[in-house]
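Pasting data-v5.csv here (CSV, C-alpha atoms):
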chain,number,residue,atom,x,y,z
P,1038,MET,CA,-13.2,-6.1,-19.4
P,1039,PRO,CA,-12.4,-8.5,-16.5
P,1040,ASP,CA,-10.0,-11.4,-17.1
P,1041,THR,CA,-12.2,-14.2,-18.6
P,1042,ASP,CA,-9.9,-17.2,-18.2
P,1043,LEU,CA,-12.4,-19.1,-16.0
P,1044,SER,CA,-10.8,-22.4,-16.9
P,1045,ASN,CA,-8.1,-21.8,-14.2
P,1046,PRO,CA,-9.9,-21.1,-10.9
P,1047,GLY,CA,-6.5,-20.6,-9.1
P,1048,LEU,CA,-5.4,-17.8,-11.4
P,1049,PRO,CA,-6.9,-14.9,-9.3
P,1050,GLY,CA,-4.8,-16.0,-6.3
P,1051,LEU,CA,-1.7,-16.2,-8.4
P,1052,ARG,CA,-2.4,-12.8,-9.9
P,1053,LEU,CA,-2.7,-11.4,-6.4
P,1054,LEU,CA,0.7,-12.8,-5.5
P,1055,GLN,CA,2.1,-11.1,-8.5
P,1056,LEU,CA,0.5,-7.8,-7.5
P,1057,ILE,CA,1.9,-7.8,-4.0
P,1058,SER,CA,5.2,-9.3,-4.8
P,1059,PRO,CA,8.4,-7.4,-3.8
P,1060,ASN,CA,9.5,-8.1,-7.3
P,1061,LEU,CA,6.8,-5.9,-8.8
P,1062,PRO,CA,8.7,-3.0,-10.2
P,1063,THR,CA,6.9,-0.1,-8.4
P,1064,GLY,CA,9.8,0.9,-6.1
P,1065,ALA,CA,8.1,0.0,-2.9
P,1066,PHE,CA,11.5,-1.3,-1.4
P,1067,THR,CA,13.1,2.1,-2.0
P,1068,TYR,CA,11.0,3.9,0.6
P,1069,SER,CA,11.0,3.8,4.4
P,1070,GLN,CA,8.0,6.1,5.0
P,1071,GLY,CA,9.8,7.9,7.8
P,1072,LEU,CA,11.3,4.8,9.4
P,1073,GLU,CA,14.9,5.8,8.4
P,1074,TRP,CA,14.7,9.1,10.2
P,1075,ALA,CA,13.0,7.5,13.3
P,1076,VAL,CA,16.0,5.2,13.5
P,1077,GLU,CA,18.5,8.0,12.9
P,1078,CYS,CA,17.1,10.2,15.7
P,1079,GLY,CA,16.9,7.3,18.2
P,1080,TRP,CA,13.2,6.7,18.3
P,1081,ILE,CA,13.6,3.2,17.1
P,1082,GLN,CA,16.6,1.2,18.5
P,1083,ASN,CA,15.5,-2.4,18.7
P,1084,LYS,CA,12.8,-5.0,18.0
P,1085,THR,CA,10.4,-3.7,20.6
P,1086,ASP,CA,10.6,-0.1,19.3
P,1087,THR,CA,10.0,-1.5,15.8
P,1088,ARG,CA,6.9,-3.4,16.9
P,1089,HIS,CA,5.5,-0.3,18.5
P,1090,TRP,CA,6.1,1.7,15.3
P,1091,LEU,CA,4.4,-1.0,13.1
P,1092,LYS,CA,1.5,-1.2,15.5
P,1093,SER,CA,0.9,2.5,15.3
P,1094,ILE,CA,0.9,2.6,11.5
P,1095,LEU,CA,-1.3,-0.5,11.3
P,1096,ASP,CA,-3.9,0.8,13.8
P,1097,ASP,CA,-3.9,4.5,12.9
P,1098,SER,CA,-3.3,4.5,9.2
P,1099,LEU,CA,-3.7,1.1,7.4
P,1100,LYS,CA,-7.0,0.1,8.8
P,1101,THR,CA,-8.4,3.6,9.1
P,1102,LEU,CA,-7.3,5.1,5.8
P,1103,GLU,CA,-5.6,2.9,3.1
P,1104,LEU,CA,-7.7,-0.2,3.5
P,1105,PRO,CA,-11.2,1.5,3.7
P,1106,LEU,CA,-10.2,3.6,0.7
P,1107,LEU,CA,-9.1,0.5,-1.2
P,1108,VAL,CA,-12.6,-0.9,-0.4
P,1109,ARG,CA,-14.2,2.1,-2.0
P,1110,LEU,CA,-11.9,2.2,-5.0
P,1111,PHE,CA,-12.7,-1.5,-5.6
P,1112,ASP,CA,-16.4,-0.9,-5.3
P,1113,ALA,CA,-16.2,2.1,-7.7
P,1114,VAL,CA,-14.5,0.2,-10.4
P,1115,ASN,CA,-16.8,-2.7,-10.0
P,1116,ARG,CA,-19.7,-0.3,-10.6
P,1117,ASN,CA,-17.8,1.5,-13.4
P,1118,SER,CA,-18.2,4.8,-11.5
P,1119,HIS,CA,-15.2,6.9,-12.6
P,1120,GLU,CA,-16.5,9.9,-10.6
P,1121,GLU,CA,-16.4,8.0,-7.3
P,1122,PHE,CA,-13.1,6.3,-8.3
P,1123,GLN,CA,-11.6,9.7,-8.9
P,1124,TYR,CA,-13.0,11.1,-5.7
P,1125,TRP,CA,-11.5,8.4,-3.5
P,1126,ALA,CA,-8.1,8.4,-5.3
P,1127,GLN,CA,-7.9,12.2,-4.7
P,1128,TRP,CA,-8.9,11.6,-1.0
P,1129,LEU,CA,-6.0,9.3,-0.5
P,1130,PHE,CA,-3.5,11.6,-2.1
P,1131,ALA,CA,-4.8,14.5,-0.1
P,1132,SER,CA,-4.3,12.5,3.1
P,1133,ARG,CA,-0.6,12.2,2.6
P,1134,GLU,CA,0.9,14.7,5.1
P,1135,THR,CA,4.4,15.3,3.6
P,1136,SER,CA,6.0,16.1,0.3
P,1137,GLU,CA,7.9,12.8,0.6
P,1138,LEU,CA,4.8,10.7,1.1
P,1139,ARG,CA,2.9,12.4,-1.7
P,1140,ASN,CA,5.9,11.9,-4.1
P,1141,GLU,CA,6.0,8.3,-3.1
P,1142,GLU,CA,2.3,7.9,-3.8
P,1143,GLN,CA,2.5,9.3,-7.3
P,1144,GLN,CA,5.8,7.7,-8.2
P,1145,ARG,CA,4.5,4.2,-7.2
P,1146,ALA,CA,1.2,4.9,-8.9
P,1147,ARG,CA,3.0,5.8,-12.1
P,1148,ALA,CA,5.2,2.7,-11.9
P,1149,LEU,CA,2.2,0.4,-11.3
P,1150,LEU,CA,0.3,1.9,-14.3
P,1151,LYS,CA,3.3,1.3,-16.5
P,1152,VAL,CA,3.5,-2.3,-15.4
P,1153,LEU,CA,-0.2,-2.9,-16.0
P,1154,LYS,CA,-0.1,-1.3,-19.5
P,1155,GLN,CA,2.8,-3.5,-20.5
P,1156,LEU,CA,1.3,-6.8,-19.5
P,1157,PRO,CA,0.2,-9.0,-22.4
P,1158,ASP,CA,-3.5,-8.1,-21.9
P,1159,GLY,CA,-2.9,-4.5,-20.9
P,1160,GLU,CA,-4.4,-3.2,-24.2
P,1161,HIS,CA,-7.7,-4.7,-23.3
P,1162,TRP,CA,-8.2,-2.6,-20.2
P,1163,PRO,CA,-9.9,0.6,-21.4
P,1164,GLN,CA,-9.8,2.2,-18.0
P,1165,LEU,CA,-6.0,2.3,-18.1
P,1166,ASP,CA,-6.3,5.1,-20.6
P,1167,SER,CA,-9.7,6.7,-19.8
P,1168,TRP,CA,-9.1,6.6,-16.0
P,1169,ARG,CA,-5.4,7.5,-16.3
P,1170,PRO,CA,-5.5,10.7,-14.1
P,1171,SER,CA,-6.9,8.8,-11.2
P,1172,LEU,CA,-4.5,5.9,-11.7
P,1173,LEU,CA,-1.6,8.4,-11.6
P,1174,ARG,CA,-2.9,10.0,-8.3
P,1175,CYS,CA,-2.5,7.0,-6.0
P,1176,GLN,CA,-1.2,3.5,-6.2
P,1177,LEU,CA,-4.3,1.9,-4.6
P,1178,ALA,CA,-6.3,3.0,-7.7
P,1179,GLY,CA,-4.2,0.6,-9.8
P,1180,TYR,CA,-4.5,-2.1,-7.2
P,1181,ALA,CA,-8.3,-1.8,-7.3
P,1182,LEU,CA,-8.5,-1.8,-11.1
P,1183,ALA,CA,-6.1,-4.8,-11.4
P,1184,ALA,CA,-8.1,-6.8,-8.7
P,1185,HIS,CA,-11.3,-6.1,-10.7
P,1186,HIS,CA,-9.8,-7.2,-14.0
P,1187,TRP,CA,-8.2,-10.3,-12.5
P,1188,ARG,CA,-11.3,-11.3,-10.4
P,1189,ILE,CA,-9.4,-11.1,-7.1
P,1190,PRO,CA,-11.9,-11.1,-4.2
P,1191,LEU,CA,-12.0,-8.0,-2.1
P,1192,GLN,CA,-11.1,-9.8,1.1
P,1193,ASP,CA,-8.0,-11.3,-0.5
P,1194,LEU,CA,-7.0,-8.0,-2.0
P,1195,LEU,CA,-7.1,-6.2,1.4
P,1196,THR,CA,-5.3,-9.1,3.1
P,1197,GLY,CA,-2.6,-9.2,0.4
P,1198,TYR,CA,-2.1,-5.4,0.4
P,1199,THR,CA,-1.7,-5.4,4.2
P,1200,TRP,CA,0.8,-8.2,4.1
P,1201,SER,CA,2.8,-6.4,1.4
P,1202,TRP,CA,3.0,-3.3,3.5
P,1203,LEU,CA,4.1,-5.3,6.5
P,1204,GLU,CA,6.7,-7.2,4.6
P,1205,ASN,CA,8.2,-4.1,3.0
P,1206,THR,CA,8.3,-2.2,6.3
P,1207,VAL,CA,9.9,-5.1,8.2
P,1208,ALA,CA,12.5,-5.5,5.4
P,1209,ALA,CA,13.4,-1.8,5.8
P,1210,ALA,CA,13.7,-2.3,9.6
P,1211,ILE,CA,16.0,-5.2,9.1
P,1212,LYS,CA,18.4,-2.9,7.2
P,1213,LEU,CA,18.0,0.2,9.3
P,1214,VAL,CA,17.6,-0.7,13.0
P,1215,PRO,CA,19.2,-3.1,12.3
P,1216,LEU,CA,17.3,-6.3,13.1
P,1217,GLY,CA,18.4,-9.8,12.5
P,1218,GLN,CA,16.6,-11.9,9.9
P,1219,THR,CA,15.1,-14.0,12.6
P,1220,GLU,CA,13.8,-11.0,14.5
P,1221,GLY,CA,12.2,-9.8,11.3
P,1222,GLN,CA,10.4,-13.1,10.9
P,1223,HIS,CA,9.2,-12.8,14.5
P,1224,LEU,CA,7.6,-9.5,13.7
P,1225,LEU,CA,6.0,-10.9,10.6
P,1226,TYR,CA,4.7,-13.8,12.6
P,1227,GLN,CA,3.3,-11.6,15.3
P,1228,PHE,CA,1.6,-9.0,13.0
P,1229,SER,CA,0.2,-11.5,10.5
P,1230,ALA,CA,-2.2,-12.6,13.3
P,1231,GLU,CA,-3.6,-9.1,13.3
P,1232,ILE,CA,-4.2,-8.7,9.6
P,1233,ASN,CA,-7.7,-10.3,9.5
P,1234,ALA,CA,-8.9,-8.0,12.3
P,1235,ALA,CA,-7.6,-5.0,10.5
P,1236,VAL,CA,-9.3,-6.0,7.3
P,1237,GLU,CA,-12.6,-6.6,9.1
P,1238,HIS,CA,-12.4,-3.2,10.8
P,1239,ALA,CA,-11.7,-1.5,7.4
P,1240,VAL,CA,-14.6,-3.1,5.6
P,1241,ALA,CA,-17.0,-2.0,8.4
P,1242,LEU,CA,-15.7,1.6,8.6
P,1243,GLU,CA,-18.1,4.4,7.7
P,1244,ASP,CA,-17.1,7.2,5.3
P,1245,ASP,CA,-16.9,9.9,8.0
P,1246,ALA,CA,-14.5,7.7,10.1
P,1247,ILE,CA,-11.9,7.5,7.4
P,1248,GLY,CA,-8.6,9.2,8.2
P,1249,THR,CA,-5.2,8.9,9.6
P,1250,SER,CA,-3.6,9.9,12.9
P,1251,THR,CA,0.2,9.2,12.7
P,1252,PRO,CA,1.9,12.4,13.7
P,1253,ALA,CA,5.2,10.6,14.5
P,1254,GLN,CA,5.4,9.2,11.0
P,1255,ALA,CA,4.5,12.6,9.5
P,1256,ILE,CA,7.3,14.3,11.5
P,1257,ALA,CA,9.8,11.6,10.6
P,1258,SER,CA,8.9,11.7,6.9
P,1259,SER,CA,9.2,15.4,6.7
P,1260,LEU,CA,12.6,15.4,8.4
P,1261,HIS,CA,13.8,12.5,6.2
P,1262,GLU,CA,13.3,14.8,3.2
P,1263,THR,CA,16.5,16.6,4.3
P,1264,GLN,CA,18.3,13.9,6.1
P,1265,TYR,CA,22.0,14.1,5.0
P,1266,SER,CA,22.9,10.4,4.8
P,1267,ARG,CA,20.2,7.9,3.9
P,1268,LEU,CA,19.6,4.6,2.2
P,1269,PHE,CA,16.0,5.2,1.2
P,1270,ARG,CA,14.4,7.5,-1.3
P,1271,SER,CA,12.8,10.8,-0.5
Encoding of this model in structure tokens:
Amino acid sequence: MPDTDLSNPGLPGLRLLQLISPNLPTGAFTYSQGLEWAVECGWIQNKTDTRHWLKSILDDSLKTLELPLLVRLFDAVNRNSHEEFQYWAQWLFASRETSELRNEEQQRARALLKVLKQLPDGEHWPQLDSWRPSLLRCQLAGYALAAHHWRIPLQDLLTGYTWSWLENTVAAAIKLVPLGQTEGQHLLYQFSAEINAAVEHAVALEDDAIGTSTPAQAIASSLHETQYSRLFRS
């Protein structure tokens, strides 16, 4: 049952901010998604290298895999189609190319489900129990369900999720490269101008065009699994 507090028209926007907040206890800040090894081996040494890395992930993963799948998960929950919801959740999990990325997907999914169930109205979300296997498969399933329940518009959800990814990755780069805080803000400023275009591309993408092509990230992630000294989780 969607959130029915229609007396507060600004509430969906606030719920979205809560959902994408770095303070949401899903552990997003504990992962670098291969960035730590890329810095360790010298692939990324400065702000320019970091910008190229971010651009690659945005163009070849976010707007071709995560965002279009979030569109389909959101549509499936809006139509109460558990079969399609399950299908696309599994698709996303199967697209993760390394053990580290798959573990992150499931760990963050589990943490998000725990948060949603413990919120004051969590007991009124029947899908949290009946769709539990799908919600434990990938974190975007939980995002889609929460957005439906809180009446968050799809466009806002996609924009917010992309901003959350960008902010988390830049925060990791500030620690690892390292970058100064001002350099990090420059990157956020530059890439925020590309978010709308990425969202529009994702919404228009056909099913047979969904996929990812980020071999550098896959290599970095797989090697990070055995990196001796590291700050981020594997």
Atom-to-atom span, atom CA of P:Leu1156 and atom CA of P:Leu1061, Å: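 Those two atoms sit 12.1 Å apart.
Picture a line from atom CA of P:Cys1078 to atom CA of P:Ala1210; it runs 14.3 Å.
Across the structure, atom CA of P:Pro1105 and atom CA of P:Leu1138 are spaced 18.6 Å apart.
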For P:Leu1172: contacts at 8 Å, all atoms listed in the file, fewer than 5 positions along chain excluded, given as a list in words: Ala1126, Ala1146, Arg1147, Leu1150, Leu1165, Ala1178 and Gly1179 of chain P
All residues 9 Å or closer to P:Val1240, all atoms listed in the file, same chain fewer than 5 positions away omitted, as JSON, numbers by chain: {"P": [1100, 1104, 1105, 1108, 1192, 1235]}
At a cut-off of 7 Å, using all atoms listed in the file, what residues contact stretch 1245-1253 of chain P? Leave out same-chain residues fewer than 4 positions from it and give the result as a PDB file with C-alpha atoms, in the frame of the given file.
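Result file around_20.pdb:
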ATOM      1  CA  ILE P1094       0.900   2.600  11.500  1.00  0.00           C
ATOM      2  CA  ASP P1097      -3.900   4.500  12.900  1.00  0.00           C
ATOM      3  CA  SER P1098      -3.300   4.500   9.200  1.00  0.00           C
ATOM      4  CA  THR P1101      -8.400   3.600   9.100  1.00  0.00           C
ATOM      5  CA  LEU P1102      -7.300   5.100   5.800  1.00  0.00           C
ATOM      6  CA  ALA P1257       9.800  11.600  10.600  1.00  0.00           C
TER       7      ALA P1257
END
Enumerate, in order of chain and increasing residue number, the residues of stretch 1061-1108 of chain P with an atom no farther than 12 Å from stretch 1220-1234 of chain P, each with its shortest atom pair and distance in Å to one decimal, counting all atoms listed in the file, as a tab-separated table.
residue	atom	partner	partner_atom	distance
P:Asn1083	CA	P:Glu1220	CA	9.7
P:Lys1084	CA	P:Glu1220	CA	7.0
P:Thr1085	CA	P:Leu1224	CA	9.4
P:Asp1086	CA	P:Leu1224	CA	11.3
P:Thr1087	CA	P:Leu1224	CA	8.6
P:Arg1088	CA	P:Leu1224	CA	6.9
P:His1089	CA	P:Leu1224	CA	10.6
P:Trp1090	CA	P:Leu1224	CA	11.4
P:Leu1091	CA	P:Phe1228	CA	8.5
P:Lys1092	CA	P:Phe1228	CA	8.2
P:Ser1093	CA	P:Phe1228	CA	11.7
P:Ile1094	CA	P:Phe1228	CA	11.7
P:Leu1095	CA	P:Ile1232	CA	8.9
P:Asp1096	CA	P:Glu1231	CA	9.9
P:Leu1099	CA	P:Ile1232	CA	10.1
P:Lys1100	CA	P:Ala1234	CA	9.0
P:Leu1104	CA	P:Ile1232	CA	11.0
Exercise: residues within 12 Å of coordinate (12.3, 6.9, 10.2), counting only C-alpha atoms, as a ChimeraX atom specification: /P:1068-1082,1086-1087,1090-1091,1206,1209-1210,1212-1214,1253-1262,1264,1267-1271
Top pick for closest residue to P:Leu1048, considering P:His1186, P:Tyr1124, P:Ser1136, P:Pro1163 and counting only C-alpha atoms: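 Among P:His1186, P:Tyr1124, P:Ser1136, P:Pro1163, it is P:His1186 that comes nearest to P:Leu1048.
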Shell of 12 Å around P:Asp1166, all atoms listed in the file, local chain residues under 5 positions omitted, as a VMD selection string: chain P and resid 1150 to 1151 1153 to 1154 1159 to 1161 1171 to 1173 1179 1182
For P:Thr1063, the nearest of the candidates P:Phe1111, P:Ser1132, P:Ile1189, P:Glu1141, counting all atoms listed in the file: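 The shortest atom-to-atom distance to P:Thr1063 comes from P:Glu1141.
Comparing the minimum interatomic distances between P:Arg1133 and each of P:Glu1103, P:Arg1188, P:Leu1216, P:Thr1263, counting only C-alpha atoms, we find that P:Glu1103 sits nearest.
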Residue with smallest distance to P:Thr1199 - pool P:Glu1142, P:Pro1062, P:Leu1177, P:Pro1215, counting all atoms listed in the file: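 Using all atoms listed in the file, P:Thr1199 sits closest to P:Leu1177.
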